[in-house]
$ cat run_39.pdb   # PDB, C-alpha atoms
ATOM      1  CA  MET Q   1      50.101 132.072 233.645  1.00  0.00           C
ATOM      2  CA  MET Q   2      50.025 130.010 230.464  1.00  0.00           C
ATOM      3  CA  ASN Q   3      47.576 130.599 227.639  1.00  0.00           C
ATOM      4  CA  THR Q   4      46.425 128.059 225.064  1.00  0.00           C
ATOM      5  CA  MET Q   5      45.879 129.561 221.624  1.00  0.00           C
ATOM      6  CA  ILE Q   6      44.489 127.701 218.610  1.00  0.00           C
ATOM      7  CA  TYR Q   7      44.901 128.789 214.998  1.00  0.00           C
ATOM      8  CA  ALA Q   8      43.670 127.542 211.646  1.00  0.00           C
ATOM      9  CA  VAL Q   9      46.466 127.191 209.081  1.00  0.00           C
ATOM     10  CA  PRO Q  10      44.498 126.445 205.892  1.00  0.00           C
ATOM     11  CA  ASP Q  11      47.439 126.484 203.473  1.00  0.00           C
ATOM     12  CA  MET Q  12      49.483 123.867 205.370  1.00  0.00           C
ATOM     13  CA  SER Q  13      49.505 120.454 203.718  1.00  0.00           C
ATOM     14  CA  CYS Q  14      52.612 118.379 204.519  1.00  0.00           C
ATOM     15  CA  ALA Q  15      55.259 117.432 207.071  1.00  0.00           C
ATOM     16  CA  HIS Q  16      57.629 120.014 205.601  1.00  0.00           C
ATOM     17  CA  CYS Q  17      55.021 122.730 206.243  1.00  0.00           C
ATOM     18  CA  LYS Q  18      54.575 121.471 209.797  1.00  0.00           C
ATOM     19  CA  ALA Q  19      58.313 121.577 210.504  1.00  0.00           C
ATOM     20  CA  LYS Q  20      58.704 125.115 209.160  1.00  0.00           C
ATOM     21  CA  ILE Q  21      55.799 126.409 211.262  1.00  0.00           C
ATOM     22  CA  GLU Q  22      57.012 124.636 214.415  1.00  0.00           C
ATOM     23  CA  LYS Q  23      60.517 126.089 214.001  1.00  0.00           C
ATOM     24  CA  GLU Q  24      59.299 129.686 213.671  1.00  0.00           C
ATOM     25  CA  VAL Q  25      56.729 129.548 216.485  1.00  0.00           C
ATOM     26  CA  GLU Q  26      59.021 127.666 218.913  1.00  0.00           C
ATOM     27  CA  ALA Q  27      61.602 130.453 218.458  1.00  0.00           C
ATOM     28  CA  LEU Q  28      59.289 132.990 220.129  1.00  0.00           C
ATOM     29  CA  ALA Q  29      60.274 133.844 223.713  1.00  0.00           C
ATOM     30  CA  GLY Q  30      57.639 132.558 226.109  1.00  0.00           C
ATOM     31  CA  VAL Q  31      56.386 129.643 224.014  1.00  0.00           C
ATOM     32  CA  GLN Q  32      56.166 126.462 226.074  1.00  0.00           C
ATOM     33  CA  SER Q  33      54.814 124.057 223.468  1.00  0.00           C
ATOM     34  CA  VAL Q  34      53.696 123.937 219.847  1.00  0.00           C
ATOM     35  CA  ASN Q  35      51.460 121.294 218.302  1.00  0.00           C
ATOM     36  CA  VAL Q  36      50.792 121.337 214.562  1.00  0.00           C
ATOM     37  CA  GLU Q  37      48.149 118.953 213.200  1.00  0.00           C
ATOM     38  CA  ILE Q  38      48.323 118.464 209.443  1.00  0.00           C
ATOM     39  CA  ALA Q  39      45.030 116.527 209.244  1.00  0.00           C
ATOM     40  CA  THR Q  40      42.995 119.302 210.883  1.00  0.00           C
ATOM     41  CA  LYS Q  41      45.243 122.137 209.647  1.00  0.00           C
ATOM     42  CA  THR Q  42      45.512 123.545 213.159  1.00  0.00           C
ATOM     43  CA  LEU Q  43      48.245 125.016 215.300  1.00  0.00           C
ATOM     44  CA  THR Q  44      47.984 124.903 219.089  1.00  0.00           C
ATOM     45  CA  VAL Q  45      50.384 127.048 221.099  1.00  0.00           C
ATOM     46  CA  ILE Q  46      50.846 127.070 224.861  1.00  0.00           C
ATOM     47  CA  ALA Q  47      52.692 130.198 225.911  1.00  0.00           C
ATOM     48  CA  ASP Q  48      52.975 132.834 228.603  1.00  0.00           C
ATOM     49  CA  GLU Q  49      51.497 136.318 228.432  1.00  0.00           C
ATOM     50  CA  ARG Q  50      54.509 137.697 226.525  1.00  0.00           C
ATOM     51  CA  VAL Q  51      53.358 135.881 223.385  1.00  0.00           C
ATOM     52  CA  THR Q  52      50.697 137.811 221.487  1.00  0.00           C
ATOM     53  CA  ASN Q  53      48.346 136.600 218.770  1.00  0.00           C
ATOM     54  CA  GLU Q  54      50.086 138.978 216.392  1.00  0.00           C
ATOM     55  CA  ALA Q  55      53.504 137.449 217.182  1.00  0.00           C
ATOM     56  CA  ILE Q  56      52.230 133.976 216.350  1.00  0.00           C
ATOM     57  CA  VAL Q  57      50.580 135.116 213.110  1.00  0.00           C
ATOM     58  CA  VAL Q  58      53.841 136.854 212.101  1.00  0.00           C
ATOM     59  CA  ALA Q  59      55.905 133.741 212.939  1.00  0.00           C
ATOM     60  CA  VAL Q  60      53.615 131.554 210.818  1.00  0.00           C
ATOM     61  CA  SER Q  61      53.835 134.144 208.039  1.00  0.00           C
ATOM     62  CA  LYS Q  62      57.660 133.993 208.198  1.00  0.00           C
ATOM     63  CA  ALA Q  63      57.331 130.254 207.578  1.00  0.00           C
ATOM     64  CA  GLY Q  64      55.293 131.063 204.462  1.00  0.00           C
ATOM     65  CA  TYR Q  65      51.764 130.324 205.687  1.00  0.00           C
ATOM     66  CA  THR Q  66      48.715 132.102 207.067  1.00  0.00           C
ATOM     67  CA  ALA Q  67      47.195 131.630 210.510  1.00  0.00           C
ATOM     68  CA  GLU Q  68      43.818 132.685 211.827  1.00  0.00           C
ATOM     69  CA  LYS Q  69      42.933 132.615 215.530  1.00  0.00           C
ATOM     70  CA  GLN Q  70      40.098 130.220 216.349  1.00  0.00           C
TER      71      GLN Q  70
END

$ encode --input "run_39.pdb" --output "structure tokens"
Amino acid sequence: MMNTMIYAVPDMSCAHCKAKIEKEVEALAGVQSVNVEIATKTLTVIADERVTNEAIVVAVSKAGYTAEKQ
């Protein structure tokens, strides 16, 4: 079963930010797709049950940003 999770990433502001976040989140086992929207400062992740909210927040943190589940 796939879950859709949406996060606010308020400190993201450019294409470089987007690429860094996508790289870290896509590396998580179980992630099917990642969509980062700079204009709305949101991250949408479609993943299986292995991917936790905490794992996504940590991945975004590794990229240098903060994420908050919506």

$ closest_residue --input "run_39.pdb" --among "Q:Ala19, Q:Met12, Q:Val58, Q:Met2" --to "Q:Thr40" --atoms "all atoms listed in the file"
Q:Met12

$ residues_around --input "run_39.pdb" --residues "Q:Glu26" --least-positions-apart "4" --cutoff "12 Å" --atoms "all atoms listed in the file" --output "list in words"
Lys18, Ala19, Lys20, Ile21, Glu22, Gly30, Val31, Gln32, Ser33, Val34, Asn35, Val36, Leu43, Thr44, Val45, Ile46, Ala47, Val51, Ala55, Ile56, Ala59, Val60 and Ala63 of chain Q

$ closest_residue --input "run_39.pdb" --among "Q:His16, Q:Lys23, Q:Lys41, Q:Arg50" --to "Q:Gln70" --atoms "all atoms listed in the file"
Q:Lys41

$ atom_distance --input "run_39.pdb" --atom1 "atom CA of Q:Ala27" --atom2 "atom CA of Q:Ala8"
19.4 Å

$ residues_around --input "run_39.pdb" --residues "Q:Ser13" --least-positions-apart "2" --cutoff "7 Å" --atoms "all atoms listed in the file" --output "JSON, numbers by chain"
{"Q": [11, 17, 38]}

$ write_last_selection --input "run_39.pdb" --atoms "C-alpha atoms" --output "CSV table (one decimal), keeping the file's coordinate frame"
chain,number,residue,atom,x,y,z
Q,11,ASP,CA,47.4,126.5,203.5
Q,17,CYS,CA,55.0,122.7,206.2
Q,38,ILE,CA,48.3,118.5,209.4

$ closest_residue --input "run_39.pdb" --among "Q:Ala15, Q:Ala39, Q:Ala67, Q:Leu28" --to "Q:Thr52" --atoms "only C-alpha atoms"
Q:Leu28

$ atom_distance --input "run_39.pdb" --atom1 "atom CA of Q:Pro10" --atom2 "atom CA of Q:Thr66"
7.2 Å

$ atom_distance --input "run_39.pdb" --atom1 "atom CA of Q:Tyr65" --atom2 "atom CA of Q:Glu24"
11.0 Å

$ closest_residue --input "run_39.pdb" --among "Q:Glu37, Q:Asp48, Q:Asn53, Q:Ser61" --to "Q:Cys14" --atoms "all atoms listed in the file"
Q:Glu37

$ closest_residue --input "run_39.pdb" --among "Q:Ile6, Q:Thr42, Q:Met1, Q:Ala29" --to "Q:Lys69" --atoms "all atoms listed in the file"
Q:Ile6

$ axis_aligned_box --input "run_39.pdb" --around "stretch 60-66 of chain Q" --padding-each-side "8 Å" --output "lines of an AutoDock Vina configuration file"
center_x = 53.2
center_y = 132.2
center_z = 207.6
size_x = 24.9
size_y = 19.9
size_z = 22.4

$ build_atoms --input "run_39.pdb" --residues "stretch 30-59 of chain Q" --atoms "N, CA and C atoms" --output "short mmCIF file (atom, residue, chain, number, x, y, z; two decimals), keeping the file's coordinate frame"
data_model
loop_
_atom_site.label_atom_id
_atom_site.label_comp_id
_atom_site.auth_asym_id
_atom_site.auth_seq_id
_atom_site.Cartn_x
_atom_site.Cartn_y
_atom_site.Cartn_z
N GLY Q 30 58.86 132.76 225.34
CA GLY Q 30 57.64 132.56 226.11
C GLY Q 30 56.79 131.39 225.65
N VAL Q 31 57.14 130.79 224.51
CA VAL Q 31 56.39 129.64 224.01
C VAL Q 31 56.83 128.39 224.77
N GLN Q 32 55.87 127.69 225.35
CA GLN Q 32 56.17 126.46 226.07
C GLN Q 32 56.03 125.23 225.18
N SER Q 33 54.97 125.19 224.36
CA SER Q 33 54.81 124.06 223.47
C SER Q 33 54.05 124.45 222.21
N VAL Q 34 54.33 123.70 221.15
CA VAL Q 34 53.70 123.94 219.85
C VAL Q 34 53.23 122.58 219.33
N ASN Q 35 51.98 122.52 218.89
CA ASN Q 35 51.46 121.29 218.30
C ASN Q 35 50.80 121.64 216.97
N VAL Q 36 51.34 121.09 215.89
CA VAL Q 36 50.79 121.34 214.56
C VAL Q 36 50.16 120.04 214.07
N GLU Q 37 48.88 120.11 213.71
CA GLU Q 37 48.15 118.95 213.20
C GLU Q 37 47.87 119.15 211.72
N ILE Q 38 48.51 118.35 210.89
CA ILE Q 38 48.32 118.46 209.44
C ILE Q 38 46.89 118.09 209.05
N ALA Q 39 46.36 117.02 209.63
CA ALA Q 39 45.03 116.53 209.24
C ALA Q 39 43.93 117.57 209.47
N THR Q 40 44.02 118.31 210.57
CA THR Q 40 43.00 119.30 210.88
C THR Q 40 43.43 120.72 210.51
N LYS Q 41 44.67 120.84 210.03
CA LYS Q 41 45.24 122.14 209.65
C LYS Q 41 45.15 123.14 210.78
N THR Q 42 45.54 122.67 211.99
CA THR Q 42 45.51 123.54 213.16
C THR Q 42 46.87 123.63 213.84
N LEU Q 43 47.05 124.74 214.51
CA LEU Q 43 48.24 125.02 215.30
C LEU Q 43 47.77 125.34 216.71
N THR Q 44 48.29 124.62 217.69
CA THR Q 44 47.98 124.90 219.09
C THR Q 44 49.27 125.33 219.78
N VAL Q 45 49.21 126.49 220.43
CA VAL Q 45 50.38 127.05 221.10
C VAL Q 45 50.06 127.25 222.57
N ILE Q 46 50.95 126.78 223.44
CA ILE Q 46 50.85 127.07 224.86
C ILE Q 46 52.01 128.00 225.18
N ALA Q 47 51.67 129.18 225.69
CA ALA Q 47 52.69 130.20 225.91
C ALA Q 47 52.30 131.12 227.06
N ASP Q 48 53.28 131.87 227.55
CA ASP Q 48 52.98 132.83 228.60
C ASP Q 48 52.45 134.13 228.00
N GLU Q 49 52.15 135.09 228.87
CA GLU Q 49 51.50 136.32 228.43
C GLU Q 49 52.36 137.20 227.53
N ARG Q 50 53.65 136.92 227.43
CA ARG Q 50 54.51 137.70 226.52
C ARG Q 50 54.19 137.43 225.06
N VAL Q 51 53.62 136.28 224.77
CA VAL Q 51 53.36 135.88 223.38
C VAL Q 51 51.98 136.37 222.96
N THR Q 52 51.96 137.25 221.97
CA THR Q 52 50.70 137.81 221.49
C THR Q 52 50.19 137.03 220.27
N ASN Q 53 48.91 137.21 219.98
CA ASN Q 53 48.35 136.60 218.77
C ASN Q 53 49.09 137.10 217.55
N GLU Q 54 49.38 138.39 217.53
CA GLU Q 54 50.09 138.98 216.39
C GLU Q 54 51.46 138.33 216.20
N ALA Q 55 52.18 138.07 217.29
CA ALA Q 55 53.50 137.45 217.18
C ALA Q 55 53.42 136.06 216.55
N ILE Q 56 52.39 135.32 216.91
CA ILE Q 56 52.23 133.98 216.35
C ILE Q 56 51.88 134.06 214.87
N VAL Q 57 50.96 134.95 214.52
CA VAL Q 57 50.58 135.12 213.11
C VAL Q 57 51.80 135.53 212.28
N VAL Q 58 52.63 136.42 212.81
CA VAL Q 58 53.84 136.85 212.10
C VAL Q 58 54.82 135.69 211.96
N ALA Q 59 55.00 134.89 213.00
CA ALA Q 59 55.90 133.74 212.94
C ALA Q 59 55.45 132.74 211.88
#
